[in-house]
$ cat final04.tsv   # TSV, C-alpha atoms
chain	number	residue	atom	x	y	z
A	521	MET	CA	93.26	49.77	174.38
A	522	ALA	CA	93.46	53.53	173.94
A	523	LEU	CA	91.25	53.99	176.92
A	524	LYS	CA	93.50	51.87	179.12
A	525	SER	CA	96.52	53.88	178.05
A	526	PHE	CA	94.80	57.06	178.90
A	527	GLU	CA	93.96	55.81	182.34
A	528	CYS	CA	97.54	54.89	182.99
A	529	CYS	CA	98.81	58.28	181.97
A	530	SER	CA	96.21	59.98	184.13
A	531	LEU	CA	97.23	57.88	187.09
A	532	LEU	CA	100.93	58.73	186.68
A	533	PHE	CA	100.12	62.40	186.37
A	534	PHE	CA	98.22	62.47	189.65
A	535	LEU	CA	100.98	60.52	191.35
A	536	PHE	CA	103.78	62.95	190.38
A	537	LEU	CA	101.76	66.15	190.77
A	538	PRO	CA	102.23	66.47	194.60
A	539	PHE	CA	105.95	65.81	194.24
A	540	CYS	CA	106.27	68.60	191.70
A	541	LEU	CA	104.31	71.00	193.87
A	542	CYS	CA	106.55	70.21	196.85
A	543	GLN	CA	109.65	70.76	194.79
A	544	GLU	CA	108.40	74.13	193.68
A	545	GLU	CA	107.48	75.12	197.22
A	546	TYR	CA	110.89	73.97	198.41
A	547	SER	CA	112.56	76.06	195.72
A	548	GLU	CA	110.61	79.12	196.76
A	549	GLU	CA	111.52	78.56	200.39
A	550	GLN	CA	115.16	78.20	199.45
A	551	GLN	CA	114.94	81.45	197.51
A	552	GLU	CA	113.43	83.17	200.50
A	553	VAL	CA	116.08	81.83	202.76
A	554	VAL	CA	118.78	83.17	200.51
A	555	ASP	CA	117.12	86.58	200.19
A	556	ARG	CA	116.32	86.77	203.91
A	557	PRO	CA	118.91	88.54	206.11
A	558	PRO	CA	121.03	86.24	208.26
A	559	SER	CA	119.58	87.71	211.45
A	560	GLU	CA	116.06	86.64	210.47
A	561	CYS	CA	117.10	83.00	209.94
A	562	ASN	CA	115.37	81.04	212.66
A	563	HIS	CA	114.13	77.74	211.38
A	564	CYS	CA	115.16	76.54	207.93
A	565	CYS	CA	119.00	77.18	208.13
A	566	TYR	CA	119.55	76.29	211.78
A	567	ARG	CA	122.87	74.52	212.22
A	568	GLY	CA	122.75	71.47	214.42
A	569	GLU	CA	125.29	70.30	217.03
A	570	PRO	CA	128.53	68.83	215.68
A	571	GLY	CA	128.45	65.09	215.38
A	572	ASN	CA	130.88	62.70	217.02
A	573	ARG	CA	134.39	62.58	215.61
A	574	GLY	CA	134.77	59.89	213.06
A	575	TRP	CA	137.36	57.14	213.12
A	576	PRO	CA	140.76	58.06	211.65
A	577	GLY	CA	141.24	57.02	208.12
A	578	PRO	CA	143.99	54.67	207.01
A	579	PRO	CA	147.50	56.19	206.70
A	580	GLY	CA	148.38	57.59	203.34
A	581	LEU	CA	151.19	56.41	201.15
A	582	SER	CA	154.74	57.53	201.98
A	583	GLY	CA	155.74	60.70	200.22
A	584	ILE	CA	158.79	61.21	198.07
A	585	PRO	CA	161.95	61.72	200.23
A	586	GLY	CA	162.92	65.35	200.62
A	587	ASN	CA	166.23	66.89	199.58
A	588	HIS	CA	169.30	66.36	201.80
A	589	GLY	CA	169.70	69.23	204.22
A	590	ASN	CA	172.84	71.34	204.56
A	591	ASN	CA	175.61	70.14	206.88
A	592	GLY	CA	175.53	71.68	210.31
A	593	ASN	CA	178.31	73.84	211.70
A	594	ASN	CA	181.26	72.12	213.35
A	595	GLY	CA	180.85	71.70	217.07
A	596	LEU	CA	183.28	73.00	219.68
A	597	PRO	CA	186.34	70.79	220.33
A	598	GLY	CA	185.93	68.38	223.19
A	599	ARG	CA	188.01	68.41	226.35
A	600	GLU	CA	191.32	66.56	226.31
A	601	GLY	CA	190.98	63.03	227.57
A	602	MET	CA	193.08	61.40	230.27
A	603	LYS	CA	196.48	60.03	229.34
A	604	GLY	CA	196.38	56.33	228.66
A	605	ASP	CA	198.62	53.70	230.22
A	606	LEU	CA	202.03	53.06	228.73
A	607	GLY	CA	201.82	50.36	226.13
A	608	ASN	CA	204.09	47.38	225.81
A	609	LYS	CA	207.39	47.83	224.06
A	610	GLY	CA	207.09	47.06	220.40
A	611	GLY	CA	209.30	44.62	218.60
A	612	MET	CA	212.37	45.68	216.68
A	613	GLY	CA	211.47	46.99	213.28
A	614	PRO	CA	213.18	46.00	210.06
A	615	ARG	CA	216.57	47.44	209.32
A	616	GLY	CA	216.34	50.68	207.40
A	617	GLU	CA	218.06	51.46	204.18
A	618	ARG	CA	221.58	52.77	204.23
A	619	GLY	CA	221.69	56.53	204.46
A	620	VAL	CA	223.33	58.93	202.10
A	621	GLN	CA	227.04	59.38	202.64
A	622	GLY	CA	227.79	62.49	204.64
A	623	ILE	CA	229.96	65.35	203.54
A	624	LYS	CA	233.68	65.09	204.02
A	625	GLY	CA	234.84	66.35	207.38
A	626	MET	CA	237.31	69.14	207.97
A	627	LYS	CA	240.97	68.38	208.06
A	628	GLY	CA	242.10	67.44	211.53
A	629	GLN	CA	244.88	69.00	213.51
A	630	ALA	CA	248.37	67.82	212.95
A	631	GLY	CA	249.48	64.96	215.17
A	632	ILE	CA	252.07	65.29	217.89
A	633	PRO	CA	255.58	64.79	216.48
A	634	SER	CA	257.41	61.78	217.84
A	635	GLU	CA	260.02	64.01	219.49
A	636	LEU	CA	257.23	65.52	221.63
A	637	LYS	CA	256.19	62.11	222.98
A	638	VAL	CA	258.64	61.78	225.84
A	639	ALA	CA	258.18	59.77	229.05
A	640	PHE	CA	260.12	57.19	231.06
A	641	MET	CA	260.08	55.26	234.34
A	642	ALA	CA	262.93	53.11	235.74
A	643	SER	CA	262.98	50.93	238.86
A	644	MET	CA	265.51	49.09	241.05
A	645	ALA	CA	265.20	45.37	241.86
A	646	THR	CA	268.62	44.97	243.59
A	647	HIS	CA	270.49	46.84	246.32
A	648	PHE	CA	272.67	49.78	245.29
A	649	THR	CA	275.66	50.76	247.47
A	650	ASN	CA	277.99	52.70	245.12
A	651	GLN	CA	278.41	56.05	246.87
A	652	ASN	CA	279.13	59.28	244.96
A	653	SER	CA	278.22	57.71	241.60
A	654	GLY	CA	275.34	57.73	239.16
A	655	ILE	CA	272.53	55.34	240.10
A	656	ILE	CA	271.97	52.48	237.64
A	657	PHE	CA	268.49	50.98	237.55
A	658	SER	CA	267.93	47.29	236.89
A	659	SER	CA	264.89	47.72	234.62
A	660	VAL	CA	262.95	50.32	232.62
A	661	GLU	CA	259.15	49.90	232.58
A	662	THR	CA	258.40	52.86	230.30
A	663	ASN	CA	260.68	54.53	227.76
A	664	ILE	CA	258.62	56.40	225.14
A	665	GLY	CA	260.98	57.79	222.55
A	666	SER	CA	263.90	55.78	224.05
A	667	TYR	CA	265.48	58.90	225.52
A	668	PHE	CA	266.40	57.20	228.81
A	669	ASP	CA	269.63	55.15	228.69
A	670	VAL	CA	269.26	52.08	230.89
A	671	MET	CA	273.03	51.44	230.79
A	672	THR	CA	274.00	54.83	232.23
A	673	GLY	CA	270.78	55.73	234.04
A	674	ARG	CA	270.72	59.11	232.26
A	675	PHE	CA	267.91	60.94	230.38
A	676	SER	CA	268.78	63.08	227.33
A	677	ALA	CA	266.31	65.81	226.29
A	678	PRO	CA	265.34	65.39	222.60
A	679	ILE	CA	264.02	68.98	222.29
A	680	ALA	CA	264.11	72.18	224.29
A	681	GLY	CA	261.20	72.26	226.70
A	682	VAL	CA	259.93	72.02	230.25
A	683	TYR	CA	260.17	68.59	231.87
A	684	PHE	CA	258.91	67.06	235.09
A	685	PHE	CA	260.98	64.58	237.17
A	686	ILE	CA	260.18	62.60	240.32
A	687	PHE	CA	262.11	59.97	242.30
A	688	ASN	CA	261.38	57.86	245.40
A	689	MET	CA	263.98	55.84	247.33
A	690	MET	CA	264.12	53.39	250.26
A	691	LYS	CA	267.10	53.51	252.64
A	692	HIS	CA	268.90	50.22	253.17
A	693	GLU	CA	268.59	48.83	256.72
A	694	ASP	CA	272.37	48.53	257.14
A	695	VAL	CA	272.91	52.32	257.09
A	696	GLU	CA	271.49	55.17	259.12
A	697	GLU	CA	271.41	57.92	256.45
A	698	THR	CA	271.06	58.03	252.69
A	699	THR	CA	271.33	61.00	250.33
A	700	VAL	CA	270.34	61.13	246.62
A	701	TYR	CA	270.73	64.14	244.26
A	702	LEU	CA	268.88	65.04	241.04
A	703	MET	CA	271.59	66.12	238.61
A	704	HIS	CA	271.31	68.45	235.57
A	705	ASN	CA	274.42	68.45	233.39
A	706	GLY	CA	276.62	67.80	236.46
A	707	ASN	CA	274.82	70.23	238.80
A	708	ALA	CA	272.85	69.02	241.81
A	709	ILE	CA	269.36	70.59	241.56
A	710	ILE	CA	267.32	68.94	244.37
A	711	THR	CA	268.15	66.47	247.16
A	712	MET	CA	266.45	63.53	248.88
A	713	PHE	CA	267.54	62.70	252.45
A	714	SER	CA	266.45	59.68	254.52
A	715	SER	CA	267.49	59.06	258.13
A	716	GLU	CA	266.62	56.09	260.38
A	717	SER	CA	268.46	53.87	262.84
A	718	LYS	CA	270.13	50.77	261.56
A	719	GLY	CA	267.94	47.71	261.16
A	720	LYS	CA	265.03	49.82	259.90
A	721	HIS	CA	263.97	50.92	256.45
A	722	ASP	CA	262.86	54.42	255.53
A	723	THR	CA	261.48	55.90	252.30
A	724	ALA	CA	261.79	59.42	250.94
A	725	GLY	CA	261.41	61.23	247.61
A	726	ASN	CA	261.47	64.52	245.78
A	727	SER	CA	260.37	66.03	242.46
A	728	GLY	CA	261.13	69.02	240.27
A	729	VAL	CA	260.33	70.86	237.01
A	730	LEU	CA	263.32	71.69	234.82
A	731	LYS	CA	263.71	73.73	231.67
A	732	LEU	CA	266.07	71.83	229.40
A	733	ASP	CA	267.77	72.52	226.09
A	734	THR	CA	268.17	69.89	223.41
A	735	GLY	CA	270.79	67.33	224.53
A	736	ASP	CA	270.74	68.26	228.23
A	737	GLU	CA	271.13	65.27	230.57
A	738	VAL	CA	269.35	64.52	233.84
A	739	TRP	CA	270.18	61.64	236.22
A	740	LEU	CA	270.32	60.62	239.91
A	741	ARG	CA	273.61	60.55	241.87
A	742	MET	CA	274.14	58.58	245.06
A	743	GLY	CA	275.65	60.60	247.93
A	744	ASN	CA	276.23	58.58	251.11
A	745	GLY	CA	274.43	55.50	252.38
A	746	ALA	CA	272.82	52.64	250.41
A	747	LEU	CA	269.49	51.88	248.67
A	748	HIS	CA	267.23	48.86	249.17
A	749	GLY	CA	266.10	46.99	246.07
A	750	ASP	CA	263.84	43.95	245.59
A	751	HIS	CA	260.89	42.76	243.51
A	752	GLN	CA	258.62	45.31	245.25
A	753	ARG	CA	260.42	48.13	243.33
A	754	TYR	CA	260.56	50.71	246.13
A	755	CYS	CA	263.17	52.83	244.30
A	756	THR	CA	261.92	54.51	241.09
A	757	PHE	CA	262.88	57.38	238.80
A	758	SER	CA	260.37	58.95	236.32
A	759	GLY	CA	260.15	61.95	233.99
A	760	PHE	CA	258.19	63.33	231.02
A	761	LEU	CA	257.89	66.38	228.77
A	762	LEU	CA	255.34	68.97	229.84
A	763	PHE	CA	255.56	71.22	226.77
A	764	GLU	CA	258.00	72.41	224.15
A	765	SER	CA	259.69	75.78	224.64
A	766	ILE	CA	260.92	78.16	221.92

$ encode --input "final04.tsv" --output "structure tokens"
Amino acid sequence: MALKSFECCSLLFFLFLPFCLCQEEYSEEQQEVVDRPPSECNHCCYRGEPGNRGWPGPPGLSGIPGNHGNNGNNGLPGREGMKGDLGNKGGMGPRGERGVQGIKGMKGQAGIPSELKVAFMASMATHFTNQNSGIIFSSVETNIGSYFDVMTGRFSAPIAGVYFFIFNMMKHEDVEETTVYLMHNGNAIITMFSSESKGKHDTAGNSGVLKLDTGDEVWLRMGNGALHGDHQRYCTFSGFLLFESI
């Protein structure tokens, strides 16, 4: 038994002895290679050609998201776009709330006194043939202030002032000439004269501006001839106050 064990140990020793000798020789050669200058390396440390590139490995796991970067600077303003088409008219909106009451206005100017509102117009609807007498008109269309007397045909000035008067007459066809005077307190101021052969009508007129005192009277006086009157109202007499005088 002991002999067999010894044989086995001897066999193992002889088997591992070459391996140990090679390892020692390899260690010595490695030591020489290290101690040898790089320029003298010519066989044991020779670097071979690079091998073929290997296949890419699988992608790695996604990393943790990085921090949010700073905002960039504002860009330059863009160019103005083209004007769009006019839109449809919108519907009426709801009624707004009542506004705040405004401030009280300034006091207005005084109104015109009633005695300064003076105007009249009279007309003739019938023929008038009374010569050398005051003309009476058949109707009065306007008589503001009632300062024209339709019964006498005379105007009485309510205040001192400047007045304007105008009259237009039509000659009767039965006469050749007709004369009418504008009277101021009995004095003839201006005259109207119409002349045409018998059987024909003719119209004429005149006007004037008079300065009157309070109570002065103005009327028309017939001279010679006759006046034509009908519904057309060809003969009229008008007047009104221009302004008050001091």

$ closest_residue --input "final04.tsv" --among "A:Thr698, A:Asn744, A:Ser659, A:Asn688" --to "Asn726 (chain A)" --atoms "all atoms listed in the file"
A:Asn688

$ residues_near_point --input "final04.tsv" --point "(258.4, 64.6, 226.2)" --cutoff "9 Å" --atoms "all atoms listed in the file" --output "ChimeraX atom specification"
/A:634-639,664-665,677-679,681-683,759-764

$ residues_around --input "final04.tsv" --residues "Ala642 (chain A)" --least-positions-apart "2" --cutoff "7 Å" --atoms "all atoms listed in the file" --output "NGL selection string"
:A and (640 or 657 or 659-661 or 756-758)

$ atom_distance --input "final04.tsv" --atom1 "CA of Leu702 (chain A)" --atom2 "CA of Thr662 (chain A)"
19.3 Å

$ atom_distance --input "final04.tsv" --atom1 "CA of Phe684 (chain A)" --atom2 "CA of Ser727 (chain A)"
7.6 Å

$ closest_residue --input "final04.tsv" --among "A:Arg615, A:His692, A:Arg573, A:His748" --to "Ser715 (chain A)" --atoms "all atoms listed in the file"
A:His692

$ residues_near_point --input "final04.tsv" --point "(272.1, 58.4, 230.9)" --cutoff "12 Å" --atoms "only C-alpha atoms" --output "list in words"
Ala642, Gly654, Ile655, Ile656, Phe657, Ser666, Tyr667, Phe668, Asp669, Val670, Met671, Thr672, Gly673, Arg674, Phe675, Ser676, Ala677, Met703, His704, Asn705, Gly706, Gly735, Asp736, Glu737, Val738, Trp739, Leu740 and Arg741 of chain A

$ axis_aligned_box --input "final04.tsv" --around "region 741-759 of chain A" --padding-each-side "5 Å" --output "JSON"
{"center_x": 267.4, "center_y": 52.4, "center_z": 243.2, "size_x": 27.6, "size_y": 29.2, "size_z": 28.4}

$ residues_around --input "final04.tsv" --residues "Tyr754 (chain A)" --least-positions-apart "2" --cutoff "10 Å" --atoms "only C-alpha atoms" --output "ChimeraX atom specification"
/A:643-645,688-691,723,747-752,756
